[in-house]
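Read through the structure below, which is laid out as structure tokens, and then see the notes.
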Amino acid sequence: VITPKIISKVVELSNKYNFRIFGDTQCSSQIGLVTKFKNFSLLCPNEKEARIALQDKESGLESLSNNLISVTNSEMLIMKLGAQGFIAFDPNLEGITSQSFPALSSNPVDVSGAGDSLLAVMATALSTEKKFMPAAAIGCCMSAIAVENMGNKPIYASQLKDFLSNIL
């Protein structure tokens, strides 16, 4: 759906008006390559999408993620790992800081919406100049709440507060 021309225009407007761009692909084939999203603030592919886009079936996750950041010139990356959670990568002057976030739900009901919830938290936090890793921790909690419900449903602040109270 998103053509190279649309991406180019979005990036152009982002540069002109200084706003962030967030990308999350949904592909089960080579049609929706995450590598077409260049110069985004944050990319959130799953491991399979990254491997398809880079044609890399053998590298470790760290190497795969570093390569994707290099190829796309993404400011930040979240590599989604399904039932294993995700790894957040934050390139900075000292290199790339990474942090693994486990899946916090031991009994997921429906995984649809987990990535959407994660992206929503990240986009909101980063657009309001919050720090990347704390935002990823909140995103991890939001994803856990999302998979404990049937269907892709909104998550309310009260649900997040209750979830955090229970784990802290």
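Every chain in the structure tokens has a letter given in the order shown (A, B, ...), and although residue numbers restart at 1 in each chain, ligands are simply numbered from 1 in the order shown.
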
Exercise for review: Select from chain A everything DSSP, run on the backbone, classes as strand (DSSP E or B), then give the selection as a list in words.
Suggested key: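 Those in chain A that DSSP calls strand (DSSP E or B) are Phe22, Gly23, Leu42, Leu43, Asn46, Met76, Leu77, Ile78, Met79, Lys80, Phe86, Ile87, Ala88, Phe89, Asp90, Pro91, Asn92, Gly95, Ile96, Thr97, Ser98, Gln99, Ser100 and Phe101 of chain A.
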
Point to revise | Long-range neighbours of stretch 92-99 of chain A as a list in words, 9 Å cut-off, only C-alpha atoms, 3 positions minimum in chain | key: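 After dropping sequence-adjacent residues, the list is Glu62, Asn66, Glu75, Phe86, Ile87, Ala88, Phe89 and Met133 of chain A.
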
Exercise for review: For A:Asn46, list every protein, DNA or RNA residue within 7 Å, evaluated using only C-alpha atoms, and leave out those in the same chain fewer than 3 positions away; present the list as a list in words.
Suggested key: Glu49, Ala50, Met79, Lys80 and Leu81 of chain A

Would you put the residues from that selection into a file with N, CA, C and O atoms, as a compact mmCIF listing (two decimals), in the first residue's frame?
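Okay, again.txt is ready:
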# COMPACT_ATOMS: atom_id res chain seq x y z
N GLU A 49 10.54 -10.78 9.25
CA GLU A 49 10.51 -9.66 8.30
C GLU A 49 11.91 -9.12 8.05
O GLU A 49 12.27 -8.81 6.91
N ALA A 50 12.71 -9.02 9.09
CA ALA A 50 14.09 -8.53 8.95
C ALA A 50 14.92 -9.51 8.13
O ALA A 50 15.68 -9.11 7.24
N MET A 79 13.27 -5.17 17.56
CA MET A 79 13.18 -6.44 16.87
C MET A 79 12.21 -7.31 17.66
O MET A 79 12.52 -7.74 18.79
N LYS A 80 11.03 -7.55 17.09
CA LYS A 80 10.00 -8.34 17.77
C LYS A 80 10.29 -9.83 17.61
O LYS A 80 10.63 -10.27 16.52
N LEU A 81 10.16 -10.57 18.70
CA LEU A 81 10.53 -11.99 18.73
C LEU A 81 9.36 -12.88 19.13
O LEU A 81 9.57 -13.98 19.64

Exercise for review: Name the closest residue to A:Ser106 among the candidates A:Ser127, A:Val147, A:Tyr17, A:Lys5; distances are taken between atoms, counting only C-alpha atoms.
Suggested key: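 The answer is A:Val147, which sits nearest to A:Ser106.
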
Point to revise | From A:Asp24, A:Asp162, A:Asp90, A:Glu148, residue lying nearest A:Ala120 [only C-alpha atoms] | key: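 The answer is A:Asp24, which sits nearest to A:Ala120.
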